[in-house]
$ cat input_14.cif   # mmCIF, C-alpha atoms
data_entry
loop_
_atom_site.label_atom_id
_atom_site.label_comp_id
_atom_site.auth_asym_id
_atom_site.auth_seq_id
_atom_site.Cartn_x
_atom_site.Cartn_y
_atom_site.Cartn_z
CA MET J 8 -14.76 15.86 -3.12
CA ALA J 9 -16.77 17.56 -5.85
CA ARG J 10 -20.35 16.54 -6.47
CA ALA J 11 -19.32 15.00 -9.78
CA ALA J 12 -18.09 11.42 -9.76
CA MET J 13 -14.44 10.48 -9.44
CA SER J 14 -12.53 10.14 -12.68
CA LYS J 15 -11.53 6.70 -13.85
CA LEU J 16 -7.91 7.48 -13.01
CA SER J 17 -8.84 8.22 -9.40
CA TRP J 18 -10.51 4.85 -9.02
CA GLU J 19 -7.79 2.80 -10.66
CA SER J 20 -4.60 4.63 -9.70
CA HIS J 21 -2.93 7.76 -8.33
CA VAL J 22 -0.01 9.76 -9.62
CA LEU J 23 2.75 10.11 -7.03
CA ARG J 24 4.72 13.28 -6.45
CA PRO J 25 7.71 13.43 -8.88
CA VAL J 26 11.01 12.55 -7.23
CA GLN J 27 14.30 14.22 -8.22
CA ASN J 28 13.12 15.16 -11.71
CA ALA J 29 12.08 11.56 -12.45
CA PRO J 30 8.78 11.05 -14.31
CA PRO J 31 5.78 10.81 -11.96
CA ALA J 32 5.04 7.25 -10.89
CA ILE J 33 1.63 5.58 -10.88
CA ILE J 34 0.31 3.60 -7.91
CA PRO J 35 -2.82 1.45 -8.29
CA THR J 36 -5.55 1.93 -5.70
CA LEU J 37 -5.80 -1.80 -4.88
CA ILE J 38 -2.53 -3.39 -3.79
CA TYR J 39 -2.15 -7.11 -3.29
CA GLY J 40 -0.95 -7.79 0.27
CA THR J 41 1.31 -10.80 0.85
CA ALA J 42 1.66 -10.99 4.64
CA TRP J 43 1.20 -14.42 6.22
CA LYS J 44 0.86 -16.24 2.89
CA LYS J 45 3.83 -18.51 3.76
CA ASP J 46 4.54 -21.29 1.24
CA GLN J 47 1.52 -20.27 -0.86
CA THR J 48 2.99 -16.84 -1.55
CA ALA J 49 4.37 -17.45 -5.05
CA ASP J 50 1.19 -19.13 -6.29
CA LEU J 51 -1.03 -16.42 -4.80
CA VAL J 52 1.04 -13.55 -6.21
CA HIS J 53 1.02 -15.17 -9.65
CA GLN J 54 -2.73 -15.69 -9.33
CA ALA J 55 -3.32 -12.09 -8.23
CA LEU J 56 -1.36 -10.72 -11.17
CA GLY J 57 -3.28 -13.02 -13.50
CA ALA J 58 -6.53 -11.71 -12.04
CA GLY J 59 -5.51 -8.13 -12.80
CA PHE J 60 -3.69 -6.77 -9.76
CA ARG J 61 -0.84 -4.49 -10.80
CA ALA J 62 0.59 -3.69 -7.37
CA VAL J 63 2.15 -6.01 -4.79
CA ASP J 64 3.15 -5.27 -1.19
CA THR J 65 5.75 -7.30 0.71
CA ALA J 66 8.54 -6.80 3.28
CA ALA J 67 12.06 -7.95 4.05
CA GLN J 68 10.68 -9.54 7.19
CA PRO J 69 10.82 -13.37 7.07
CA LYS J 70 8.79 -13.48 10.28
CA HIS J 71 5.61 -12.52 8.39
CA TYR J 72 6.50 -12.39 4.67
CA ARG J 73 8.15 -14.58 2.05
CA GLU J 74 9.66 -11.84 -0.05
CA ASP J 75 11.65 -14.43 -1.98
CA LEU J 76 8.43 -16.16 -3.05
CA VAL J 77 6.83 -12.83 -3.93
CA GLY J 78 9.69 -12.40 -6.38
CA GLU J 79 9.13 -15.91 -7.71
CA GLY J 80 5.44 -15.21 -8.30
CA ILE J 81 6.25 -11.97 -10.13
CA ARG J 82 8.87 -13.69 -12.29
CA ARG J 83 6.34 -16.36 -13.29
CA ALA J 84 3.94 -13.65 -14.44
CA LEU J 85 6.70 -11.85 -16.33
CA GLN J 86 7.78 -15.08 -17.99
CA ASP J 87 4.32 -16.16 -19.10
CA GLY J 88 3.62 -12.68 -20.49
CA SER J 89 0.64 -11.88 -18.30
CA VAL J 90 2.28 -8.64 -17.14
CA ARG J 91 5.26 -6.42 -17.90
CA ARG J 92 7.56 -5.19 -15.14
CA GLU J 93 7.04 -1.57 -16.17
CA ASP J 94 3.31 -2.01 -15.58
CA LEU J 95 3.81 -3.23 -12.00
CA HIS J 96 4.13 -1.36 -8.73
CA VAL J 97 6.25 -3.46 -6.36
CA GLN J 98 6.76 -2.23 -2.83
CA THR J 99 8.69 -3.75 0.05
CA LYS J 100 9.84 -2.64 3.47
CA PHE J 101 12.85 -2.27 5.70
CA THR J 102 11.92 -3.79 9.05
CA SER J 103 13.99 -2.81 12.06
CA VAL J 104 15.38 -5.30 14.58
CA ASN J 105 12.35 -5.00 16.87
CA GLY J 106 10.08 -6.33 14.14
CA GLN J 107 12.27 -9.24 13.08
CA SER J 108 12.56 -12.82 14.26
CA PRO J 109 15.88 -13.06 16.18
CA ASP J 110 17.03 -16.12 14.24
CA ASN J 111 15.96 -15.04 10.76
CA MET J 112 16.54 -11.49 9.53
CA PRO J 113 18.12 -10.10 6.35
CA TYR J 114 21.00 -8.34 8.11
CA ASP J 115 23.28 -8.56 11.14
CA PRO J 116 21.46 -6.89 14.07
CA ARG J 117 24.85 -5.86 15.51
CA ASP J 118 25.50 -3.60 12.53
CA SER J 119 24.67 0.10 12.41
CA VAL J 120 21.22 1.13 11.23
CA THR J 121 22.75 2.34 7.98
CA ASP J 122 24.44 -1.00 7.30
CA GLN J 123 21.25 -2.86 8.24
CA VAL J 124 19.34 -0.83 5.65
CA HIS J 125 21.93 -1.51 2.94
CA ALA J 126 21.92 -5.26 3.65
CA SER J 127 18.12 -5.39 3.70
CA ILE J 128 17.83 -3.56 0.38
CA LYS J 129 20.48 -5.78 -1.19
CA SER J 130 18.46 -8.81 -0.10
CA SER J 131 15.22 -7.29 -1.43
CA LEU J 132 16.74 -6.46 -4.82
CA HIS J 133 17.92 -10.05 -5.09
CA ASN J 134 14.55 -11.46 -4.06
CA LEU J 135 12.64 -9.16 -6.43
CA ARG J 136 14.98 -9.49 -9.44
CA PRO J 137 13.12 -9.77 -12.77
CA ALA J 138 14.66 -13.09 -13.87
CA GLY J 139 15.89 -16.25 -12.19
CA THR J 140 19.55 -15.71 -12.98
CA ALA J 141 21.66 -14.08 -10.29
CA ASP J 142 22.97 -11.38 -12.63
CA SER J 143 19.43 -10.10 -13.29
CA VAL J 144 19.71 -8.35 -9.94
CA ASN J 145 21.51 -5.66 -11.94
CA ASP J 146 18.17 -4.87 -13.59
CA ALA J 147 16.17 -5.03 -10.37
CA TYR J 148 14.42 -2.02 -8.90
CA ILE J 149 11.82 -1.36 -6.23
CA ASP J 150 8.96 1.03 -6.89
CA MET J 151 8.42 1.87 -3.22
CA LEU J 152 10.60 1.20 -0.17
CA ILE J 153 8.69 1.68 3.08
CA LEU J 154 10.07 1.91 6.60
CA HIS J 155 7.96 -0.76 8.31
CA SER J 156 7.73 1.45 11.36
CA PRO J 157 9.60 4.35 12.95
CA LEU J 158 12.74 3.16 14.71
CA PRO J 159 13.10 3.47 18.51
CA THR J 160 14.43 7.03 18.27
CA MET J 161 13.86 9.83 15.78
CA SER J 162 17.59 9.95 15.18
CA GLN J 163 17.61 6.29 14.13
CA THR J 164 14.53 6.82 11.97
CA LEU J 165 16.25 9.68 10.15
CA GLU J 166 19.43 7.60 9.80
CA ALA J 167 17.45 4.78 8.15
CA TRP J 168 15.64 7.27 5.91
CA SER J 169 18.91 8.87 4.84
CA ALA J 170 20.27 5.44 3.92
CA VAL J 171 17.29 4.58 1.71
CA GLU J 172 17.38 8.05 0.09
CA SER J 173 20.73 7.13 -1.45
CA TYR J 174 18.97 4.60 -3.73
CA VAL J 175 16.41 7.08 -5.12
CA PRO J 176 15.39 7.39 -7.94
CA HIS J 177 17.20 4.56 -9.73
CA GLN J 178 17.11 1.34 -7.68
CA ILE J 179 14.27 2.66 -5.54
CA ARG J 180 11.69 4.98 -7.09
CA ASN J 181 9.78 6.28 -4.05
CA LEU J 182 9.82 6.09 -0.25
CA GLY J 183 7.19 5.68 2.44
CA ILE J 184 6.65 4.92 6.10
CA SER J 185 4.25 2.58 7.91
CA ASN J 186 2.77 2.38 11.40
CA THR J 187 3.55 6.02 12.06
CA SER J 188 2.03 8.76 14.18
CA LEU J 189 1.30 12.22 12.84
CA SER J 190 4.03 13.82 14.96
CA ILE J 191 6.72 11.50 13.58
CA LEU J 192 5.41 11.92 10.04
CA LYS J 193 5.58 15.72 10.35
CA GLU J 194 9.16 15.65 11.61
CA LEU J 195 10.23 13.18 8.93
CA PHE J 196 8.54 15.24 6.23
CA ALA J 197 10.25 18.40 7.45
CA GLN J 198 13.73 16.89 7.55
CA ALA J 199 13.77 14.41 4.68
CA ARG J 200 15.43 15.25 1.39
CA VAL J 201 13.17 12.76 -0.42
CA LYS J 202 9.72 13.33 1.04
CA PRO J 203 7.53 10.33 1.92
CA ALA J 204 5.19 9.45 -0.94
CA VAL J 205 2.98 7.09 1.06
CA VAL J 206 1.95 6.35 4.62
CA GLN J 207 0.79 2.78 5.23
CA ASN J 208 -1.24 2.58 8.45
CA ARG J 209 -3.96 0.51 10.04
CA PHE J 210 -7.31 2.10 9.24
CA TYR J 211 -9.39 1.43 12.33
CA ALA J 212 -11.28 2.94 15.25
CA ASP J 213 -8.41 2.65 17.75
CA THR J 214 -6.60 5.48 15.93
CA GLU J 215 -9.89 7.26 15.15
CA TYR J 216 -9.26 6.36 11.52
CA ASP J 217 -6.19 8.62 11.31
CA VAL J 218 -8.32 11.65 10.41
CA PRO J 219 -5.70 14.37 11.20
CA LEU J 220 -2.90 12.26 9.71
CA ARG J 221 -4.88 11.67 6.52
CA ALA J 222 -5.57 15.41 6.30
CA PHE J 223 -1.82 16.08 6.52
CA CYS J 224 -1.26 13.49 3.78
CA ARG J 225 -3.79 15.17 1.48
CA GLU J 226 -2.22 18.58 2.08
CA ASN J 227 1.26 17.27 1.22
CA GLN J 228 0.61 14.95 -1.73
CA ILE J 229 1.11 11.79 0.34
CA ILE J 230 -0.98 8.73 -0.49
CA TYR J 231 -2.53 7.02 2.52
CA GLN J 232 -2.37 3.20 2.30
CA SER J 233 -4.99 1.46 4.41
CA PHE J 234 -4.24 -2.01 5.75
CA TRP J 235 -6.15 -4.31 8.09
CA THR J 236 -9.18 -2.67 6.49
CA LEU J 237 -11.53 -5.64 6.73
CA SER J 238 -10.26 -7.50 9.79
CA ALA J 239 -10.23 -4.46 12.05
CA ASN J 240 -13.56 -3.00 10.95
CA PRO J 241 -16.44 -5.48 11.30
CA GLU J 242 -18.67 -2.64 12.52
CA LEU J 243 -17.99 -0.64 9.35
CA ILE J 244 -18.78 -3.64 7.16
CA ARG J 245 -22.13 -3.96 8.94
CA SER J 246 -22.85 -0.23 8.72
CA ASP J 247 -25.77 1.13 6.74
CA ALA J 248 -23.45 3.04 4.40
CA VAL J 249 -21.45 -0.02 3.38
CA GLN J 250 -24.47 -2.29 3.14
CA LEU J 251 -26.42 0.22 1.05
CA LEU J 252 -23.53 0.73 -1.38
CA ALA J 253 -23.04 -3.03 -1.68
CA HIS J 254 -26.73 -3.46 -2.52
CA GLU J 255 -27.05 -0.53 -4.92
CA ALA J 256 -23.80 -1.20 -6.81
CA ASP J 257 -24.13 -5.00 -6.74
CA ILE J 258 -20.78 -5.62 -5.07
CA SER J 259 -19.76 -7.43 -1.88
CA PRO J 260 -19.76 -5.57 1.45
CA ALA J 261 -15.99 -6.05 1.60
CA ALA J 262 -15.54 -4.41 -1.78
CA ALA J 263 -17.98 -1.66 -0.78
CA LEU J 264 -15.86 -0.88 2.27
CA TYR J 265 -12.73 -0.75 0.12
CA CYS J 266 -14.44 1.64 -2.31
CA LEU J 267 -15.67 3.94 0.45
CA VAL J 268 -12.17 4.12 1.93
CA LEU J 269 -10.91 4.99 -1.54
CA GLY J 270 -13.69 7.55 -1.74
CA LEU J 271 -12.14 9.44 1.19
CA GLY J 272 -9.51 10.63 -1.29
CA HIS J 273 -5.76 10.17 -1.75
CA THR J 274 -6.02 6.61 -0.48
CA THR J 275 -5.10 3.11 -1.57
CA VAL J 276 -6.06 -0.19 0.03
CA LEU J 277 -4.13 -3.39 0.68
CA ASP J 278 -6.18 -6.43 -0.35
CA GLY J 279 -4.86 -9.80 0.81
CA THR J 280 -7.60 -12.16 -0.35
CA THR J 281 -6.52 -15.72 -1.18
CA LYS J 282 -9.48 -16.56 -3.42
CA ARG J 283 -9.28 -15.98 -7.19
CA HIS J 284 -12.96 -15.07 -7.46
CA HIS J 285 -12.58 -12.49 -4.67
CA MET J 286 -9.54 -11.01 -6.43
CA GLU J 287 -11.50 -10.61 -9.65
CA ALA J 288 -14.61 -9.31 -7.86
CA ASP J 289 -12.67 -6.70 -5.88
CA LEU J 290 -11.03 -5.37 -9.05
CA ALA J 291 -14.32 -5.43 -10.93
CA ALA J 292 -15.91 -3.45 -8.08
CA LEU J 293 -13.80 -0.43 -9.02
CA GLN J 294 -15.41 -0.37 -12.46
CA LYS J 295 -18.88 -0.92 -10.99
CA ILE J 296 -18.42 1.94 -8.55
CA GLU J 297 -17.08 4.19 -11.29
CA GLN J 298 -20.28 3.53 -13.23
CA PHE J 299 -22.40 3.91 -10.10
CA THR J 300 -20.93 7.32 -9.27
CA GLU J 301 -21.61 8.47 -12.82
CA ASN J 302 -25.19 7.17 -12.90
CA GLN J 303 -26.21 8.04 -9.34
CA PRO J 304 -23.93 10.86 -8.14
CA ASP J 305 -26.39 12.14 -5.53
CA LEU J 306 -26.86 8.74 -3.93
CA TRP J 307 -23.10 8.17 -3.97
CA GLN J 308 -22.54 11.48 -2.22
CA ARG J 309 -25.14 10.68 0.44
CA ILE J 310 -23.57 7.29 1.12
CA LEU J 311 -20.08 8.76 1.20
CA LYS J 312 -21.19 11.54 3.55
CA ARG J 313 -22.60 8.94 5.93
CA PHE J 314 -19.37 6.97 5.75
CA ARG J 315 -17.36 10.09 6.54
CA GLN J 316 -19.51 10.62 9.60
CA LEU J 317 -18.74 7.06 10.73
CA THR J 318 -15.00 7.60 10.34
CA GLY J 319 -14.93 11.18 11.64
CA ASP J 320 -13.85 12.60 8.30
CA GLN J 321 -16.21 15.50 7.66
CA ARG J 322 -14.30 17.02 4.76
CA GLU J 323 -16.64 18.14 1.99
#
$ encode --input "input_14.cif" --output "structure tokens"
Amino acid sequence: MARAAMSKLSWESHVLRPVQNAPPAIIPTLIYGTAWKKDQTADLVHQALGAGFRAVDTAAQPKHYREDLVGEGIRRALQDGSVRREDLHVQTKFTSVNGQSPDNMPYDPRDSVTDQVHASIKSSLHNLRPAGTADSVNDAYIDMLILHSPLPTMSQTLEAWSAVESYVPHQIRNLGISNTSLSILKELFAQARVKPAVVQNRFYADTEYDVPLRAFCRENQIIYQSFWTLSANPELIRSDAVQLLAHEADISPAAALYCLVLGLGHTTVLDGTTKRHHMEADLAALQKIEQFTENQPDLWQRILKRFRQLTGDQRE
């Protein structure tokens, strides 16, 4: 990163690699995460959009997500005029059989991987349709479809990827993969017709913060999406770098950690807070940090350098 502060665009959003001659898509740096929200999902999504979030993450995985209620929350926001669909980034996932509840999945587990993908996407398009009427599914699209994890074999992973590629760029705008290793990502990137635009992984010490994988992502215009950022990193929240940034920029330690992860470059963060004031504060922190990096660039660089040392990312 240059000594000068990040631009406003870098703090608020990233431009994704163009896909099949389609216009480049924008992905906000803070994405509202909807896992484990259960019956509160619609209310929380509507609240998050009202607070200013413009990206929502879900999955076609009833075991941990209520994708149907995510769609309901989005439709409420569209109906009351607080947001336009074209201003939203909506991403969901195809979850393979191993990640599903045996008695509640959006496809028949006896079907081929290809047919499972088609059924899952059909279900997602219905859940995420822009209006309550059934025929509005014809206007539905997904900004990002993510493989929730690699499938048991590379052959199956490539089969699933090939199936989702057939929807790009019209019903699905971009593709990604989650919970992946660097070796699988490299093979997928080499063989895929539509290259992955994002990798969504846990950012934590057990994987040494994905340093080589994140380097590969930077080199290949892939956005790294960090999840489990707060829950898995209590030691980072307590670190001198995070605490100093929180104090100097007048933001919470949680928001400071988010901003330092974003400061690593080519990253976005999933934020699953259930409190309206935390939603607003986390979004406001981006503006505060933008101002902080402009006013105190040397201090920002010192704090960021220390954070890179903590995560093993020594890139200058």
$ resolve_selection --input "input_14.cif" --expression "the PyMOL selection byres ((chain J and resi 64-74) around 8)" --output "number ranges by chain"
J: 38-46, 48, 62-63, 75-78, 97-102, 106-108, 111-113, 127, 130-131, 134-135, 155, 277
$ write_last_selection --input "input_14.cif" --atoms "C-alpha atoms" --output "PDB file, keeping the file's coordinate frame"
ATOM      1  CA  ILE J  38      -2.530  -3.390  -3.790  1.00  0.00           C
ATOM      2  CA  TYR J  39      -2.150  -7.110  -3.290  1.00  0.00           C
ATOM      3  CA  GLY J  40      -0.950  -7.790   0.270  1.00  0.00           C
ATOM      4  CA  THR J  41       1.310 -10.800   0.850  1.00  0.00           C
ATOM      5  CA  ALA J  42       1.660 -10.990   4.640  1.00  0.00           C
ATOM      6  CA  TRP J  43       1.200 -14.420   6.220  1.00  0.00           C
ATOM      7  CA  LYS J  44       0.860 -16.240   2.890  1.00  0.00           C
ATOM      8  CA  LYS J  45       3.830 -18.510   3.760  1.00  0.00           C
ATOM      9  CA  ASP J  46       4.540 -21.290   1.240  1.00  0.00           C
ATOM     10  CA  THR J  48       2.990 -16.840  -1.550  1.00  0.00           C
ATOM     11  CA  ALA J  62       0.590  -3.690  -7.370  1.00  0.00           C
ATOM     12  CA  VAL J  63       2.150  -6.010  -4.790  1.00  0.00           C
ATOM     13  CA  ASP J  75      11.650 -14.430  -1.980  1.00  0.00           C
ATOM     14  CA  LEU J  76       8.430 -16.160  -3.050  1.00  0.00           C
ATOM     15  CA  VAL J  77       6.830 -12.830  -3.930  1.00  0.00           C
ATOM     16  CA  GLY J  78       9.690 -12.400  -6.380  1.00  0.00           C
ATOM     17  CA  VAL J  97       6.250  -3.460  -6.360  1.00  0.00           C
ATOM     18  CA  GLN J  98       6.760  -2.230  -2.830  1.00  0.00           C
ATOM     19  CA  THR J  99       8.690  -3.750   0.050  1.00  0.00           C
ATOM     20  CA  LYS J 100       9.840  -2.640   3.470  1.00  0.00           C
ATOM     21  CA  PHE J 101      12.850  -2.270   5.700  1.00  0.00           C
ATOM     22  CA  THR J 102      11.920  -3.790   9.050  1.00  0.00           C
ATOM     23  CA  GLY J 106      10.080  -6.330  14.140  1.00  0.00           C
ATOM     24  CA  GLN J 107      12.270  -9.240  13.080  1.00  0.00           C
ATOM     25  CA  SER J 108      12.560 -12.820  14.260  1.00  0.00           C
ATOM     26  CA  ASN J 111      15.960 -15.040  10.760  1.00  0.00           C
ATOM     27  CA  MET J 112      16.540 -11.490   9.530  1.00  0.00           C
ATOM     28  CA  PRO J 113      18.120 -10.100   6.350  1.00  0.00           C
ATOM     29  CA  SER J 127      18.120  -5.390   3.700  1.00  0.00           C
ATOM     30  CA  SER J 130      18.460  -8.810  -0.100  1.00  0.00           C
ATOM     31  CA  SER J 131      15.220  -7.290  -1.430  1.00  0.00           C
ATOM     32  CA  ASN J 134      14.550 -11.460  -4.060  1.00  0.00           C
ATOM     33  CA  LEU J 135      12.640  -9.160  -6.430  1.00  0.00           C
ATOM     34  CA  HIS J 155       7.960  -0.760   8.310  1.00  0.00           C
ATOM     35  CA  LEU J 277      -4.130  -3.390   0.680  1.00  0.00           C
TER      36      LEU J 277
END
$ residues_around --input "input_14.cif" --residues "Ile230 in chain J" --least-positions-apart "6" --cutoff "8 Å" --atoms "only C-alpha atoms" --output "ChimeraX atom specification"
/J:23,204-206,224,273-275
$ closest_residue --input "input_14.cif" --among "J:Glu166, J:Asn186, J:Met151, J:Glu93" --to "Asp217 in chain J" --atoms "all atoms listed in the file"
J:Asn186
$ resolve_selection --input "input_14.cif" --expression "the PyMOL selection byres ((chain J and resi 184) around 12)" --output "compact mmCIF listing (two decimals) with C-alpha atoms, keeping the file's coordinate frame"
# COMPACT_ATOMS: atom_id res chain seq x y z
CA GLN J 98 6.76 -2.23 -2.83
CA THR J 99 8.69 -3.75 0.05
CA LYS J 100 9.84 -2.64 3.47
CA PHE J 101 12.85 -2.27 5.70
CA THR J 102 11.92 -3.79 9.05
CA MET J 151 8.42 1.87 -3.22
CA LEU J 152 10.60 1.20 -0.17
CA ILE J 153 8.69 1.68 3.08
CA LEU J 154 10.07 1.91 6.60
CA HIS J 155 7.96 -0.76 8.31
CA SER J 156 7.73 1.45 11.36
CA PRO J 157 9.60 4.35 12.95
CA LEU J 158 12.74 3.16 14.71
CA THR J 164 14.53 6.82 11.97
CA LEU J 165 16.25 9.68 10.15
CA ALA J 167 17.45 4.78 8.15
CA TRP J 168 15.64 7.27 5.91
CA VAL J 171 17.29 4.58 1.71
CA ASN J 181 9.78 6.28 -4.05
CA LEU J 182 9.82 6.09 -0.25
CA GLY J 183 7.19 5.68 2.44
CA SER J 185 4.25 2.58 7.91
CA ASN J 186 2.77 2.38 11.40
CA THR J 187 3.55 6.02 12.06
CA SER J 188 2.03 8.76 14.18
CA LEU J 189 1.30 12.22 12.84
CA ILE J 191 6.72 11.50 13.58
CA LEU J 192 5.41 11.92 10.04
CA LYS J 193 5.58 15.72 10.35
CA LEU J 195 10.23 13.18 8.93
CA PHE J 196 8.54 15.24 6.23
CA ALA J 199 13.77 14.41 4.68
CA LYS J 202 9.72 13.33 1.04
CA PRO J 203 7.53 10.33 1.92
CA ALA J 204 5.19 9.45 -0.94
CA VAL J 205 2.98 7.09 1.06
CA VAL J 206 1.95 6.35 4.62
CA GLN J 207 0.79 2.78 5.23
CA ASN J 208 -1.24 2.58 8.45
CA CYS J 224 -1.26 13.49 3.78
CA ILE J 229 1.11 11.79 0.34
CA ILE J 230 -0.98 8.73 -0.49
CA TYR J 231 -2.53 7.02 2.52
CA GLN J 232 -2.37 3.20 2.30
$ atom_distance --input "input_14.cif" --atom1 "CA of Leu85 in chain J" --atom2 "CA of Trp18 in chain J"
25.1 Å
$ closest_residue --input "input_14.cif" --among "J:Leu252, J:Val144, J:Ile34, J:Leu56" --to "Arg91 in chain J" --atoms "only C-alpha atoms"
J:Leu56
$ build_atoms --input "input_14.cif" --residues "range 203-227 of chain J" --atoms "N, CA and C atoms" --output "JSON list (two decimals), in the frame of the given file"
[["chain", "number", "residue", "atom", "x", "y", "z"],
["J", 203, "PRO", "N", 8.34, 11.55, 2.00],
["J", 203, "PRO", "CA", 7.53, 10.33, 1.92],
["J", 203, "PRO", "C", 6.40, 10.48, 0.91],
["J", 204, "ALA", "N", 6.25, 9.44, 0.07],
["J", 204, "ALA", "CA", 5.19, 9.45, -0.94],
["J", 204, "ALA", "C", 3.94, 8.74, -0.44],
["J", 205, "VAL", "N", 4.12, 7.81, 0.50],
["J", 205, "VAL", "CA", 2.98, 7.09, 1.06],
["J", 205, "VAL", "C", 3.14, 6.93, 2.56],
["J", 206, "VAL", "N", 2.01, 6.80, 3.23],
["J", 206, "VAL", "CA", 1.95, 6.35, 4.62],
["J", 206, "VAL", "C", 1.05, 5.11, 4.63],
["J", 207, "GLN", "N", 1.57, 4.02, 5.15],
["J", 207, "GLN", "CA", 0.79, 2.78, 5.23],
["J", 207, "GLN", "C", 0.46, 2.51, 6.70],
["J", 208, "ASN", "N", -0.80, 2.72, 7.06],
["J", 208, "ASN", "CA", -1.24, 2.58, 8.45],
["J", 208, "ASN", "C", -2.48, 1.71, 8.55],
["J", 209, "ARG", "N", -2.69, 1.17, 9.75],
["J", 209, "ARG", "CA", -3.96, 0.51, 10.04],
["J", 209, "ARG", "C", -5.08, 1.56, 10.01],
["J", 210, "PHE", "N", -6.15, 1.22, 9.30],
["J", 210, "PHE", "CA", -7.31, 2.10, 9.24],
["J", 210, "PHE", "C", -8.36, 1.49, 10.15],
["J", 211, "TYR", "N", -8.44, 2.04, 11.39],
["J", 211, "TYR", "CA", -9.39, 1.43, 12.33],
["J", 211, "TYR", "C", -9.72, 2.41, 13.45],
["J", 212, "ALA", "N", -10.73, 2.03, 14.24],
["J", 212, "ALA", "CA", -11.28, 2.94, 15.25],
["J", 212, "ALA", "C", -10.28, 3.30, 16.34],
["J", 213, "ASP", "N", -9.34, 2.40, 16.65],
["J", 213, "ASP", "CA", -8.41, 2.65, 17.75],
["J", 213, "ASP", "C", -7.56, 3.90, 17.51],
["J", 214, "THR", "N", -7.33, 4.24, 16.24],
["J", 214, "THR", "CA", -6.60, 5.48, 15.93],
["J", 214, "THR", "C", -7.56, 6.56, 15.41],
["J", 215, "GLU", "N", -8.85, 6.34, 15.64],
["J", 215, "GLU", "CA", -9.89, 7.26, 15.15],
["J", 215, "GLU", "C", -9.73, 7.48, 13.64],
["J", 216, "TYR", "N", -9.37, 6.40, 12.98],
["J", 216, "TYR", "CA", -9.26, 6.36, 11.52],
["J", 216, "TYR", "C", -8.27, 7.38, 10.97],
["J", 217, "ASP", "N", -7.29, 7.77, 11.79],
["J", 217, "ASP", "CA", -6.19, 8.62, 11.31],
["J", 217, "ASP", "C", -6.68, 9.90, 10.64],
["J", 218, "VAL", "N", -7.76, 10.49, 11.11],
["J", 218, "VAL", "CA", -8.32, 11.65, 10.41],
["J", 218, "VAL", "C", -7.31, 12.80, 10.28],
["J", 219, "PRO", "N", -6.66, 13.27, 11.37],
["J", 219, "PRO", "CA", -5.70, 14.37, 11.20],
["J", 219, "PRO", "C", -4.50, 13.95, 10.35],
["J", 220, "LEU", "N", -4.04, 12.72, 10.50],
["J", 220, "LEU", "CA", -2.90, 12.26, 9.71],
["J", 220, "LEU", "C", -3.27, 12.21, 8.23],
["J", 221, "ARG", "N", -4.47, 11.73, 7.92],
["J", 221, "ARG", "CA", -4.88, 11.67, 6.52],
["J", 221, "ARG", "C", -5.03, 13.08, 5.93],
["J", 222, "ALA", "N", -5.47, 14.02, 6.76],
["J", 222, "ALA", "CA", -5.57, 15.41, 6.30],
["J", 222, "ALA", "C", -4.18, 15.95, 5.95],
["J", 223, "PHE", "N", -3.20, 15.65, 6.79],
["J", 223, "PHE", "CA", -1.82, 16.08, 6.52],
["J", 223, "PHE", "C", -1.33, 15.44, 5.21],
["J", 224, "CYS", "N", -1.66, 14.17, 5.02],
["J", 224, "CYS", "CA", -1.26, 13.49, 3.78],
["J", 224, "CYS", "C", -1.86, 14.18, 2.56],
["J", 225, "ARG", "N", -3.15, 14.50, 2.62],
["J", 225, "ARG", "CA", -3.79, 15.17, 1.48],
["J", 225, "ARG", "C", -3.12, 16.51, 1.19],
["J", 226, "GLU", "N", -2.81, 17.24, 2.24],
["J", 226, "GLU", "CA", -2.22, 18.58, 2.08],
["J", 226, "GLU", "C", -0.82, 18.52, 1.48],
["J", 227, "ASN", "N", -0.15, 17.37, 1.62],
["J", 227, "ASN", "CA", 1.26, 17.27, 1.22],
["J", 227, "ASN", "C", 1.51, 16.21, 0.16]]
